[in-house]
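One file, input_6.cif, is given below (mmCIF, C-alpha atoms).
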data_target
loop_
_atom_site.label_atom_id
_atom_site.label_comp_id
_atom_site.auth_asym_id
_atom_site.auth_seq_id
_atom_site.Cartn_x
_atom_site.Cartn_y
_atom_site.Cartn_z
CA MET V 1 137.34 223.60 -26.96
CA LEU V 2 139.34 225.03 -24.08
CA ASP V 3 137.82 227.10 -21.29
CA LEU V 4 138.48 230.79 -21.96
CA ASN V 5 138.36 231.50 -18.21
CA LEU V 6 141.17 229.01 -17.68
CA ILE V 7 143.34 230.74 -20.28
CA ARG V 8 142.46 234.19 -18.92
CA HIS V 9 143.47 233.35 -15.34
CA ASN V 10 146.31 230.88 -16.05
CA PRO V 11 147.76 231.75 -19.47
CA ASP V 12 151.31 230.60 -18.68
CA THR V 13 150.15 227.28 -17.22
CA VAL V 14 147.95 226.53 -20.24
CA ARG V 15 150.69 227.63 -22.62
CA GLN V 16 153.26 225.32 -21.04
CA ALA V 17 150.82 222.40 -21.17
CA LEU V 18 150.03 222.99 -24.85
CA LEU V 19 153.71 223.19 -25.74
CA LYS V 20 153.83 219.45 -25.10
CA ARG V 21 152.00 219.07 -28.41
CA MET V 22 152.43 222.42 -30.18
CA ASP V 23 155.58 224.13 -31.44
CA ALA V 24 154.43 227.60 -30.39
CA VAL V 25 151.58 229.09 -28.36
CA ASP V 26 150.80 232.81 -28.07
CA PHE V 27 147.71 234.09 -26.24
CA THR V 28 148.50 237.80 -26.66
CA GLU V 29 145.86 238.51 -29.31
CA LEU V 30 143.28 236.26 -27.67
CA LEU V 31 143.61 238.01 -24.31
CA SER V 32 143.50 241.41 -26.00
CA TRP V 33 140.27 240.52 -27.83
CA ASP V 34 138.84 239.13 -24.61
CA GLN V 35 139.64 242.36 -22.74
CA LEU V 36 138.08 244.49 -25.49
CA ARG V 37 135.04 242.19 -25.57
CA ARG V 38 134.48 242.58 -21.83
CA GLU V 39 134.94 246.36 -21.98
CA THR V 40 132.47 246.52 -24.87
CA ILE V 41 129.91 244.49 -22.90
CA VAL V 42 130.17 246.89 -19.95
CA GLU V 43 129.73 249.90 -22.24
CA LEU V 44 126.81 248.24 -24.03
CA GLU V 45 125.02 247.42 -20.80
CA ALA V 46 125.43 251.00 -19.58
CA LEU V 47 124.02 252.43 -22.83
CA LYS V 48 121.11 249.99 -22.86
CA ALA V 49 120.32 250.84 -19.26
CA LYS V 50 120.40 254.55 -20.12
CA LYS V 51 118.13 253.96 -23.12
CA ASN V 52 115.63 252.07 -20.98
CA THR V 53 115.63 254.79 -18.32
CA VAL V 54 115.12 257.64 -20.79
CA SER V 55 112.46 255.65 -22.69
CA LYS V 56 110.48 255.39 -19.46
CA GLU V 57 110.96 259.08 -18.68
CA ILE V 58 109.77 260.40 -22.07
CA PRO V 59 106.03 259.63 -21.51
CA LEU V 60 106.19 261.32 -18.08
CA LEU V 61 107.87 264.39 -19.53
CA LYS V 62 105.23 264.56 -22.26
CA LYS V 63 102.47 264.50 -19.66
CA GLN V 64 104.16 267.42 -17.95
CA GLY V 65 104.09 269.31 -21.27
CA MET V 66 107.86 269.40 -21.60
CA ASN V 67 109.71 269.32 -24.93
CA VAL V 68 111.18 265.85 -25.52
CA GLU V 69 112.82 266.43 -28.92
CA ASP V 70 116.29 266.59 -27.31
CA CYS V 71 115.56 263.26 -25.62
CA TYR V 72 114.62 261.67 -28.96
CA ASP V 73 117.80 263.02 -30.58
CA GLU V 74 119.89 261.70 -27.72
CA MET V 75 118.26 258.27 -27.91
CA LYS V 76 118.83 258.13 -31.64
CA LYS V 77 122.55 258.68 -31.06
CA VAL V 78 122.53 256.11 -28.25
CA SER V 79 120.82 253.56 -30.53
CA GLU V 80 123.40 254.12 -33.25
CA LEU V 81 126.21 253.71 -30.75
CA ILE V 82 124.62 250.50 -29.43
CA ARG V 83 124.49 249.09 -32.98
CA GLU V 84 128.16 249.97 -33.52
CA LEU V 85 129.19 248.36 -30.24
CA GLU V 86 127.14 245.24 -30.98
CA THR V 87 128.92 244.92 -34.32
CA SER V 88 132.29 245.29 -32.59
CA LEU V 89 131.26 242.77 -29.93
CA GLY V 90 130.29 240.26 -32.61
CA GLN V 91 133.65 240.73 -34.33
CA TYR V 92 135.58 240.18 -31.07
CA GLU V 93 133.53 237.07 -30.27
CA GLU V 94 134.08 235.68 -33.77
CA LYS V 95 137.84 236.15 -33.43
CA ILE V 96 137.86 234.54 -29.99
CA ASP V 97 135.77 231.57 -31.15
CA LYS V 98 137.97 231.06 -34.22
CA PHE V 99 141.10 231.11 -32.05
CA LEU V 100 139.71 228.73 -29.41
CA ILE V 101 138.21 226.29 -31.93
CA ALA V 102 141.66 225.81 -33.48
CA LEU V 103 143.41 224.97 -30.21
CA PRO V 104 143.98 221.29 -29.35
CA ASN V 105 143.12 219.78 -25.99
CA ILE V 106 145.40 220.19 -22.99
CA PRO V 107 147.34 216.94 -22.43
CA ASP V 108 147.03 215.34 -19.02
CA GLU V 109 149.92 216.00 -16.65
CA ASP V 110 151.20 212.43 -16.93
CA VAL V 111 151.31 212.53 -20.76
CA LEU V 112 154.83 212.98 -22.07
CA GLU V 113 155.66 215.79 -24.47
CA GLY V 114 156.77 215.18 -28.04
CA GLY V 115 155.84 212.61 -30.68
CA LYS V 116 156.08 208.89 -31.38
CA GLU V 117 159.64 208.75 -30.09
CA ASN V 118 158.25 209.29 -26.57
CA ASN V 119 155.45 206.71 -26.72
CA LYS V 120 155.77 204.21 -23.88
CA VAL V 121 154.83 200.51 -23.90
CA VAL V 122 152.76 199.80 -20.79
CA ARG V 123 152.34 196.02 -21.10
CA GLU V 124 152.21 193.14 -23.54
CA PHE V 125 149.95 190.11 -23.94
CA GLY V 126 151.35 186.76 -25.03
CA VAL V 127 154.50 186.31 -27.05
CA LYS V 128 155.37 186.93 -30.66
CA PRO V 129 154.43 183.85 -32.69
CA HIS V 130 157.31 181.62 -33.79
CA PHE V 131 157.19 179.60 -37.02
CA ASP V 132 159.38 176.68 -38.08
CA PHE V 133 158.45 177.18 -41.73
CA ASP V 134 158.58 180.03 -44.24
CA ILE V 135 155.49 182.12 -43.59
CA LYS V 136 153.25 183.79 -46.14
CA ASP V 137 152.03 187.36 -45.71
CA HIS V 138 148.32 188.16 -45.39
CA VAL V 139 147.98 189.34 -48.99
CA GLU V 140 149.17 186.00 -50.32
CA LEU V 141 147.13 184.03 -47.76
CA VAL V 142 143.80 185.75 -48.45
CA LYS V 143 144.36 185.30 -52.19
CA LEU V 144 145.18 181.59 -51.79
CA HIS V 145 142.00 181.07 -49.75
CA ASP V 146 139.94 183.43 -51.93
CA LEU V 147 138.97 185.50 -48.90
CA VAL V 148 139.62 188.99 -50.29
CA ASP V 149 139.64 190.33 -53.86
CA TYR V 150 141.88 193.39 -54.13
CA GLU V 151 141.75 193.65 -57.91
CA ARG V 152 137.97 193.82 -58.10
CA GLY V 153 137.89 196.21 -55.15
CA ALA V 154 140.18 198.53 -57.11
CA LYS V 155 138.03 198.02 -60.22
CA LEU V 156 134.93 199.08 -58.30
CA SER V 157 136.34 202.01 -56.35
CA GLY V 158 140.05 202.54 -57.01
CA ASN V 159 143.14 201.83 -54.94
CA GLY V 160 142.65 201.43 -51.21
CA PHE V 161 139.44 199.37 -51.49
CA TRP V 162 138.82 195.63 -51.44
CA VAL V 163 136.02 193.04 -51.61
CA TYR V 164 135.47 190.38 -48.93
CA LYS V 165 134.44 187.01 -50.39
CA GLY V 166 133.09 183.74 -49.06
CA TYR V 167 134.80 182.77 -45.84
CA GLY V 168 136.59 186.11 -45.90
CA ALA V 169 133.23 187.86 -45.63
CA LEU V 170 132.16 185.38 -42.94
CA LEU V 171 135.38 185.98 -41.00
CA GLU V 172 134.87 189.75 -41.19
CA TRP V 173 131.25 189.46 -40.09
CA ALA V 174 132.22 187.01 -37.33
CA LEU V 175 134.57 189.61 -35.87
CA LEU V 176 131.78 192.19 -35.83
CA ASN V 177 129.35 189.72 -34.25
CA TYR V 178 131.94 188.85 -31.60
CA PHE V 179 132.42 192.51 -30.70
CA VAL V 180 128.68 193.23 -30.62
CA GLU V 181 127.99 190.20 -28.41
CA GLU V 182 130.69 191.19 -25.90
CA HIS V 183 129.58 194.83 -25.66
CA LEU V 184 125.96 193.82 -25.12
CA LYS V 185 127.09 191.54 -22.28
CA ASP V 186 128.70 194.55 -20.64
CA GLY V 187 125.53 196.64 -20.80
CA TYR V 188 126.46 199.01 -23.59
CA GLU V 189 123.63 200.30 -25.81
CA PHE V 190 123.90 199.39 -29.51
CA ILE V 191 123.67 202.31 -31.96
CA LEU V 192 123.53 202.25 -35.77
CA PRO V 193 124.06 205.92 -36.71
CA PRO V 194 123.80 207.62 -40.12
CA HIS V 195 126.95 207.44 -42.22
CA ILE V 196 126.42 210.97 -43.61
CA LEU V 197 126.94 213.72 -41.04
CA SER V 198 126.70 217.50 -40.94
CA TYR V 199 129.65 219.87 -40.61
CA GLU V 200 128.56 220.65 -37.05
CA CYS V 201 129.21 217.01 -36.10
CA GLY V 202 132.84 217.27 -37.19
CA LEU V 203 133.17 220.56 -35.32
CA ALA V 204 131.84 219.15 -32.04
CA ALA V 205 134.07 216.09 -32.33
CA GLY V 206 137.12 218.34 -32.69
CA GLN V 207 138.00 216.97 -36.13
CA PHE V 208 137.00 220.22 -37.87
CA PRO V 209 138.18 222.68 -39.00
CA LYS V 210 141.78 221.39 -38.85
CA PHE V 211 141.18 217.94 -40.36
CA GLU V 212 138.22 218.60 -42.64
CA ASP V 213 140.30 217.75 -45.72
CA GLU V 214 140.74 214.19 -44.42
CA VAL V 215 137.06 213.25 -44.89
CA PHE V 216 135.02 212.46 -47.99
CA LYS V 217 132.73 215.43 -48.54
CA ILE V 218 129.27 214.84 -49.99
CA ASP V 219 128.92 218.40 -51.23
CA ASP V 220 131.61 221.05 -51.11
CA ASN V 221 129.08 223.68 -50.05
CA LYS V 222 130.31 227.22 -49.48
CA ASP V 223 127.97 227.35 -46.49
CA LYS V 224 129.83 225.22 -43.91
CA GLN V 225 126.67 224.63 -41.89
CA LYS V 226 125.10 222.82 -44.86
CA GLU V 227 128.16 220.76 -45.73
CA GLN V 228 127.94 216.98 -45.25
CA PHE V 229 130.60 214.27 -45.13
CA LEU V 230 131.03 210.51 -44.76
CA LEU V 231 131.88 209.69 -41.18
CA PRO V 232 135.56 208.81 -40.60
CA THR V 233 134.62 206.94 -37.39
CA SER V 234 131.36 206.44 -35.52
CA GLU V 235 132.87 208.48 -32.65
CA THR V 236 131.98 211.51 -34.78
CA ALA V 237 128.32 210.49 -34.63
CA LEU V 238 128.26 209.27 -31.03
CA ILE V 239 129.67 212.51 -29.57
CA ASN V 240 126.81 214.36 -31.27
CA LEU V 241 123.96 212.22 -29.95
CA HIS V 242 123.54 214.59 -27.00
CA ARG V 243 124.84 217.78 -28.56
CA GLY V 244 123.15 220.81 -27.04
CA GLU V 245 121.53 218.79 -24.24
CA ILE V 246 121.58 219.00 -20.45
CA LEU V 247 121.51 215.45 -19.07
CA LYS V 248 120.39 214.36 -15.61
CA GLU V 249 123.12 213.20 -13.25
CA GLN V 250 121.41 209.83 -12.78
CA GLU V 251 121.60 209.25 -16.56
CA LEU V 252 125.40 209.10 -16.37
CA PRO V 253 127.41 207.27 -17.38
CA LYS V 254 125.92 206.73 -20.81
CA LYS V 255 127.62 203.81 -22.52
CA TYR V 256 127.19 203.30 -26.24
CA PHE V 257 128.76 201.27 -29.00
CA ALA V 258 128.20 201.55 -32.73
CA TYR V 259 129.07 199.61 -35.85
CA THR V 260 129.84 201.50 -39.05
CA PRO V 261 132.17 201.40 -41.98
CA CYS V 262 134.74 204.20 -41.64
CA TYR V 263 135.63 206.37 -44.62
CA ARG V 264 139.06 208.04 -44.77
CA VAL V 265 140.71 210.09 -47.49
CA GLU V 266 144.10 209.02 -46.08
CA ALA V 267 146.01 211.80 -47.84
CA GLY V 268 149.61 211.07 -48.76
CA SER V 269 151.39 208.10 -50.25
CA TYR V 270 151.07 204.56 -48.98
CA ARG V 271 154.22 202.90 -47.70
CA ALA V 272 155.23 199.65 -49.33
CA SER V 273 154.68 197.85 -46.02
CA GLU V 274 151.08 199.08 -45.80
CA LYS V 275 149.76 196.77 -48.48
CA GLY V 276 146.57 194.78 -48.42
CA MET V 277 144.17 195.80 -45.69
CA ILE V 278 146.68 197.56 -43.42
CA ARG V 279 145.58 200.93 -44.72
CA GLY V 280 142.53 201.73 -46.83
CA HIS V 281 139.82 204.25 -47.61
CA GLN V 282 136.99 202.13 -46.13
CA PHE V 283 137.08 199.67 -43.24
CA ASN V 284 134.72 198.31 -40.61
CA LYS V 285 134.89 199.24 -36.96
CA VAL V 286 132.92 198.89 -33.77
CA GLU V 287 133.38 201.94 -31.55
CA MET V 288 132.72 202.30 -27.81
CA PHE V 289 131.76 205.66 -26.33
CA GLN V 290 131.01 206.99 -22.86
CA TYR V 291 129.57 210.19 -21.40
CA THR V 292 130.60 210.49 -17.74
CA LYS V 293 130.84 212.88 -14.82
CA PRO V 294 134.32 214.49 -14.60
CA GLU V 295 135.26 212.53 -11.47
CA ASP V 296 134.41 209.22 -13.18
CA SER V 297 136.28 209.61 -16.46
CA ASP V 298 139.61 208.15 -15.33
CA ALA V 299 137.90 204.92 -14.27
CA ALA V 300 135.89 204.93 -17.52
CA LEU V 301 139.10 205.09 -19.56
CA GLU V 302 140.50 202.08 -17.70
CA GLU V 303 137.24 200.23 -18.40
CA LEU V 304 137.43 200.97 -22.13
CA ILE V 305 141.08 199.91 -22.31
CA GLY V 306 140.27 196.68 -20.48
CA LYS V 307 137.36 195.89 -22.78
CA ALA V 308 139.42 196.45 -25.93
CA GLU V 309 142.26 194.34 -24.55
CA ARG V 310 139.94 191.46 -23.69
CA LEU V 311 138.62 191.39 -27.24
CA VAL V 312 142.15 190.97 -28.62
CA GLN V 313 142.98 188.42 -25.94
CA GLY V 314 139.89 186.45 -26.95
CA LEU V 315 141.36 186.20 -30.45
CA ASN V 316 144.63 184.93 -28.93
CA LEU V 317 146.69 187.55 -30.74
CA HIS V 318 149.92 189.02 -29.42
CA TYR V 319 149.66 192.77 -28.73
CA ARG V 320 151.10 195.59 -26.70
CA LEU V 321 149.44 198.52 -24.93
CA THR V 322 151.16 201.83 -25.64
CA LYS V 323 150.65 205.18 -23.92
CA LEU V 324 150.97 207.93 -26.52
CA ALA V 325 153.03 211.09 -26.17
CA ALA V 326 151.21 214.40 -26.59
CA LYS V 327 151.94 215.02 -30.29
CA ASP V 328 150.86 211.50 -31.21
CA CYS V 329 147.45 211.90 -29.54
CA SER V 330 144.48 213.13 -31.53
CA ALA V 331 144.05 216.89 -31.12
CA SER V 332 140.78 216.40 -29.20
CA MET V 333 142.22 214.02 -26.63
CA ALA V 334 143.89 214.67 -23.28
CA LYS V 335 145.23 211.12 -23.06
CA THR V 336 145.35 208.13 -25.42
CA TYR V 337 146.40 204.49 -25.21
CA ASP V 338 146.83 202.37 -28.35
CA ILE V 339 146.40 198.62 -28.55
CA GLU V 340 148.82 197.42 -31.22
CA ILE V 341 148.76 193.90 -32.62
CA TRP V 342 151.73 192.04 -34.04
CA ILE V 343 151.80 191.49 -37.82
CA PRO V 344 154.40 188.70 -38.37
CA SER V 345 155.25 189.45 -42.03
CA MET V 346 155.82 193.13 -41.22
CA ASN V 347 157.82 192.36 -38.06
CA ASP V 348 155.94 195.29 -36.55
CA TYR V 349 152.94 196.32 -34.47
CA LYS V 350 149.85 198.02 -35.90
CA GLU V 351 147.15 199.84 -33.96
CA VAL V 352 143.69 198.23 -33.83
CA SER V 353 142.25 200.33 -31.01
CA SER V 354 142.77 203.79 -29.56
CA ALA V 355 141.24 204.43 -26.13
CA SER V 356 141.06 208.12 -25.30
CA ASN V 357 139.77 210.60 -22.75
CA ALA V 358 138.72 213.98 -24.15
CA ARG V 359 137.83 215.37 -20.68
CA ASP V 360 135.38 218.25 -21.33
CA TYR V 361 136.99 219.38 -24.62
CA GLN V 362 134.36 217.86 -26.94
CA ALA V 363 131.54 218.63 -24.52
CA ARG V 364 132.38 222.34 -24.62
CA ARG V 365 132.38 222.30 -28.41
CA GLY V 366 129.05 220.45 -28.49
CA LEU V 367 127.52 222.16 -25.42
CA ILE V 368 126.86 218.83 -23.69
CA ARG V 369 126.21 219.21 -19.97
CA PHE V 370 124.58 217.57 -16.96
CA ARG V 371 122.80 218.89 -13.87
CA ARG V 372 124.00 217.82 -10.42
CA ASP V 373 121.27 216.36 -8.20
CA SER V 374 122.71 217.88 -5.02
CA ASN V 375 123.00 221.55 -5.96
CA LYS V 376 121.40 221.74 -9.43
CA LYS V 377 124.69 223.03 -10.80
CA VAL V 378 125.15 222.54 -14.56
CA GLU V 379 128.55 221.18 -15.62
CA TYR V 380 130.15 219.82 -18.76
CA VAL V 381 130.30 216.03 -19.14
CA ASN V 382 133.50 214.18 -19.97
CA THR V 383 133.58 212.11 -23.16
CA LEU V 384 135.65 209.01 -23.92
CA ASN V 385 135.97 206.62 -26.83
CA ALA V 386 137.74 203.41 -27.78
CA SER V 387 137.75 201.17 -30.82
CA GLY V 388 136.20 197.87 -29.97
CA LEU V 389 137.64 196.96 -32.52
CA ALA V 390 138.70 197.91 -36.07
CA THR V 391 138.80 194.84 -38.32
CA SER V 392 141.03 195.72 -41.27
CA ARG V 393 144.25 194.94 -39.39
CA LEU V 394 142.81 192.07 -37.37
CA ILE V 395 142.28 189.84 -40.38
CA PRO V 396 145.91 190.25 -41.52
CA ALA V 397 147.04 189.46 -37.96
CA ILE V 398 144.72 186.45 -37.71
CA VAL V 399 145.58 184.83 -41.03
CA GLU V 400 149.31 185.36 -40.53
CA THR V 401 149.44 184.31 -36.87
CA MET V 402 147.14 181.33 -37.30
CA GLN V 403 148.68 180.01 -40.55
CA GLN V 404 149.95 176.43 -40.61
CA ALA V 405 152.80 174.84 -42.56
CA ASP V 406 150.35 173.35 -45.09
CA GLY V 407 148.86 176.79 -45.84
CA SER V 408 145.69 176.27 -43.79
CA ILE V 409 144.46 178.90 -41.32
CA VAL V 410 143.11 178.08 -37.85
CA VAL V 411 139.98 180.11 -37.08
CA PRO V 412 140.05 181.68 -33.58
CA GLU V 413 137.73 179.72 -31.32
CA VAL V 414 135.52 182.70 -30.45
CA LEU V 415 134.69 183.18 -34.17
CA ARG V 416 133.96 179.60 -35.18
CA LYS V 417 130.22 179.62 -34.48
CA TRP V 418 129.79 182.37 -37.08
CA VAL V 419 132.41 181.23 -39.60
CA GLY V 420 131.19 177.63 -39.49
CA LYS V 421 134.68 176.13 -39.69
CA ASP V 422 137.52 175.44 -37.27
CA VAL V 423 140.16 175.54 -40.00
CA LEU V 424 140.23 177.14 -43.44
CA LYS V 425 141.96 174.64 -45.71
CA LEU V 426 143.34 175.07 -49.20
#
Would you mind writing the structure in this file as structure tokens?
Amino acid sequence: MLDLNLIRHNPDTVRQALLKRMDAVDFTELLSWDQLRRETIVELEALKAKKNTVSKEIPLLKKQGMNVEDCYDEMKKVSELIRELETSLGQYEEKIDKFLIALPNIPDEDVLEGGKENNKVVREFGVKPHFDFDIKDHVELVKLHDLVDYERGAKLSGNGFWVYKGYGALLEWALLNYFVEEHLKDGYEFILPPHILSYECGLAAGQFPKFEDEVFKIDDNKDKQKEQFLLPTSETALINLHRGEILKEQELPKKYFAYTPCYRVEAGSYRASEKGMIRGHQFNKVEMFQYTKPEDSDAALEELIGKAERLVQGLNLHYRLTKLAAKDCSASMAKTYDIEIWIPSMNDYKEVSSASNARDYQARRGLIRFRRDSNKKVEYVNTLNASGLATSRLIPAIVETMQQADGSIVVPEVLRKWVGKDVLKL
């Protein structure tokens, strides 16, 4: 959520920044409601002060034998007016909250405007693999090696689901073990959160109300506060760990990582190129998350990017790091970098990690703050997240990149202790 004070004092600056990612921005109604809200507060405070003063005077007037009926009549009218003003105040605040909750985050100054066409490649690792034989795509390879069963996945749950089998399951679990081991080495705390979350979690994360149709709802309850959904990413849970809390400065940064399946409705049609595990309704992911002081969040983002890159480098996969333009960033994020791995059969890159800085946007929505040691001032934390990593596109990249002319697949060295094989042979 954006700071209302910032909009009030710098509406044109905020508007220009938001136009990097929005087609139109108009604060006229918001500022009008804000002005009326502030005027109503002043009037309310004056009436309440008058009511308190007269209420204290009435007993004294009674003692002096004076008639206080006029005072009672006046206070009755004042009380009615107070109730009316409180109703109006509540209506203004509801309109303001609804307007602010729908606004996306302000992109950082160095984030380019526009969409995917303005994304910029920052760097690459390795080179695109070259083959001197006709390669097979990942769907054919996992079927040949009996690693993944798409047909039975569809039988169990419908299109967009699959079943890992045998060494396929071991390879998937090896990736997760590899990520967990590396994050523990770096001092991150391991979290296993619930997979069913409340509506308030989606609101604090900035995914609701705009994207609430993109999650699997447990119960389409008319009362939003009682609605529950399957988490689309463990970021949605991790941002809410400290919702409504005031942390101590010495507690920061807080560094977490979590493993969960991720559940996505993925509305819209699937492209022909997005077959197999490239896009699905359920996939596994390890997510990194940090709560930091504002002055530390830029360095924290670089740390998260570096950690995600090292994981891909450890798998010896070719990738590129891309800085996203404003419209391609998630609505909650001020800045995002994607790590995109090369899928040989698709002749294209696919994202396996997004590293993002939300600044204080999520913290304002979730009322997550910290108290400075020096002056006891309470401020909003900054929140950051990065996939570390998602697996459903890694396995396609691994089996395709590591395939040999005889159809065998070389297992990345970092995974062999969990898979139990150096090479998967036909």
> Can you list what the PyMOL selection byres ((chain V and resi 217-219) around 9) grabs from this structure, as a ChimeraX atom specification?
Replying inline: /V:196,212-213,215-216,220-221,226-230
For the selection just defined, write its residues with C-alpha atoms to a file, as a short mmCIF file (atom, residue, chain, number, x, y, z; two decimals), in the coordinates of the input.
data_model
loop_
_atom_site.label_atom_id
_atom_site.label_comp_id
_atom_site.auth_asym_id
_atom_site.auth_seq_id
_atom_site.Cartn_x
_atom_site.Cartn_y
_atom_site.Cartn_z
CA ILE V 196 126.42 210.97 -43.61
CA GLU V 212 138.22 218.60 -42.64
CA ASP V 213 140.30 217.75 -45.72
CA VAL V 215 137.06 213.25 -44.89
CA PHE V 216 135.02 212.46 -47.99
CA ASP V 220 131.61 221.05 -51.11
CA ASN V 221 129.08 223.68 -50.05
CA LYS V 226 125.10 222.82 -44.86
CA GLU V 227 128.16 220.76 -45.73
CA GLN V 228 127.94 216.98 -45.25
CA PHE V 229 130.60 214.27 -45.13
CA LEU V 230 131.03 210.51 -44.76
#
Give as a PDB file with C-alpha atoms, in the coordinates of the input each residue that has an atom at most 10 Å from (143.9, 217.9, -28.9) in the file, counting only C-alpha atoms.
ATOM      1  CA  MET V   1     137.340 223.600 -26.960  1.00  0.00           C
ATOM      2  CA  LEU V   2     139.340 225.030 -24.080  1.00  0.00           C
ATOM      3  CA  LEU V  18     150.030 222.990 -24.850  1.00  0.00           C
ATOM      4  CA  ARG V  21     152.000 219.070 -28.410  1.00  0.00           C
ATOM      5  CA  MET V  22     152.430 222.420 -30.180  1.00  0.00           C
ATOM      6  CA  ALA V 102     141.660 225.810 -33.480  1.00  0.00           C
ATOM      7  CA  LEU V 103     143.410 224.970 -30.210  1.00  0.00           C
ATOM      8  CA  PRO V 104     143.980 221.290 -29.350  1.00  0.00           C
ATOM      9  CA  ASN V 105     143.120 219.780 -25.990  1.00  0.00           C
ATOM     10  CA  ILE V 106     145.400 220.190 -22.990  1.00  0.00           C
ATOM     11  CA  PRO V 107     147.340 216.940 -22.430  1.00  0.00           C
ATOM     12  CA  GLY V 206     137.120 218.340 -32.690  1.00  0.00           C
ATOM     13  CA  GLN V 207     138.000 216.970 -36.130  1.00  0.00           C
ATOM     14  CA  ALA V 326     151.210 214.400 -26.590  1.00  0.00           C
ATOM     15  CA  LYS V 327     151.940 215.020 -30.290  1.00  0.00           C
ATOM     16  CA  ASP V 328     150.860 211.500 -31.210  1.00  0.00           C
ATOM     17  CA  CYS V 329     147.450 211.900 -29.540  1.00  0.00           C
ATOM     18  CA  SER V 330     144.480 213.130 -31.530  1.00  0.00           C
ATOM     19  CA  ALA V 331     144.050 216.890 -31.120  1.00  0.00           C
ATOM     20  CA  SER V 332     140.780 216.400 -29.200  1.00  0.00           C
ATOM     21  CA  MET V 333     142.220 214.020 -26.630  1.00  0.00           C
ATOM     22  CA  ALA V 334     143.890 214.670 -23.280  1.00  0.00           C
ATOM     23  CA  LYS V 335     145.230 211.120 -23.060  1.00  0.00           C
ATOM     24  CA  ALA V 358     138.720 213.980 -24.150  1.00  0.00           C
ATOM     25  CA  TYR V 361     136.990 219.380 -24.620  1.00  0.00           C
ATOM     26  CA  GLN V 362     134.360 217.860 -26.940  1.00  0.00           C
TER      27      GLN V 362
END
>> Here is a test: counting only C-alpha atoms, which residue of V:Gly166, V:Gly202, V:Pro294, V:Pro396 is nearest to Glu235 (chain V)?
In response: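 The shortest atom-to-atom distance to Glu235 (chain V) comes from V:Gly202.
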> When the PyMOL selection byres ((chain V and resi 388) around 12) is applied to the file above, which residues end up in the set, as number ranges by chain?
Replying inline: V: 175-183, 188, 233-235, 256-260, 284-289, 303-312, 338-339, 351-355, 385-387, 389-391, 394
> What does the distance between CA of Gly158 (chain V) and CA of Val399 (chain V) come to in Å, to one decimal place?
Replying inline: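 Calculated distance between CA of Gly158 (chain V) and CA of Val399 (chain V) is 24.5 Å.
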>> What's the separation between CA of Asp186 (chain V) and CA of Lys255 (chain V), in Å to one decimal place?
In response: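 For CA of Asp186 (chain V) relative to CA of Lys255 (chain V), the distance reads 9.5 Å.
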Tell me, as a CSV table (one decimal) with C-alpha atoms, keeping the file's coordinate frame, which residues lie within 8 Å of Leu31 (chain V), counting all atoms listed in the file; anything in the same chain fewer than 4 positions away does not count.
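Final output, part-v3.csv:
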chain,number,residue,atom,x,y,z
V,8,ARG,CA,142.5,234.2,-18.9
V,27,PHE,CA,147.7,234.1,-26.2
V,35,GLN,CA,139.6,242.4,-22.7
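What separates CA of Val148 (chain V) from CA of Ala237 (chain V) is a distance of 28.9 Å.
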>> For this structure, which residues satisfy the selection - the PyMOL selection byres ((chain V and resi 85) around 10) - when it is evaluated on the file as given? I want them as a PyMOL selection string.
In response: chain V and resi 37+40-41+43-44+47+79-84+86-91
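Using all atoms listed in the file, the contacts of Leu384 (chain V) at a cut-off of 8 Å, with sequence neighbours closer than 5 positions omitted, comprise Phe289, Gln290, Tyr291, Ser297, Ala300, Leu301, Ala355, Ser356, Asn357, Ala358 and Arg359 of chain V.
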>> Just checking: using only C-alpha atoms, which residue out of V:Leu252, V:Leu147, V:Leu426, V:Leu4 ends up closest to Met277 (chain V)?
In response: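 Checking each of V:Leu252, V:Leu147, V:Leu426, V:Leu4 against Met277 (chain V), counting only C-alpha atoms, the winner is V:Leu147.
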Box in all listed atoms of region 26-33 of chain V, axis-aligned, with 4 Å more on each side; write out centre and edge lengths in Å to one decimal as AutoDock Vina command-line options.
--center_x 145.5 --center_y 237.1 --center_z -26.8 --size_x 18.5 --size_y 16.6 --size_z 13.0
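Considering only C-alpha atoms, the residue among V:Val423, V:Ala49, V:Leu324, V:Leu36 positioned nearest to Val78 (chain V) is V:Ala49.
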> Once you count only C-alpha atoms, which residues end up no further than 7 Å from (151.4, 184.0, -36.3) in the file's frame, shown as a PyMOL selection string?
Replying inline: chain V and resi 129-130+344+400-403
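In this comparison, which uses all atoms listed in the file, the residue of V:Lys165, V:Lys51, V:Lys210, V:His242 approaching Met75 (chain V) most closely is V:Lys51.
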> Which one is closest to Tyr263 (chain V): V:Asp26, V:Glu189, V:Glu214, V:Glu172? Count all atoms listed in the file.
Replying inline: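 Looking at the shortest contact to Tyr263 (chain V), the residue is V:Glu214.
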> Which residue out of V:Ile343, V:Cys262, V:Val414, V:Ala154 has the minimum interatomic distance to His195 (chain V) when all atoms listed in the file are used?
Replying inline: V:Cys262
>> So that I can see what lies close to Ala397 (chain V), please list as an MDAnalysis selection string the residues with an atom at most 12 Å from it, counting all atoms listed in the file and leaving out residues fewer than 4 positions away in the same chain.
In response: chainID V and resid 128:129 136:139 141:142 276:278 312 315:319 340:352 391:393 401:403 409 411:412
> Hey, what's within 9 Å of Cys71 (chain V) if we count only C-alpha atoms and toss same-chain stuff fewer than 5 positions away? As a list in words, please?
Replying inline: Val54, Ser55, Ile58 and Lys76 of chain V
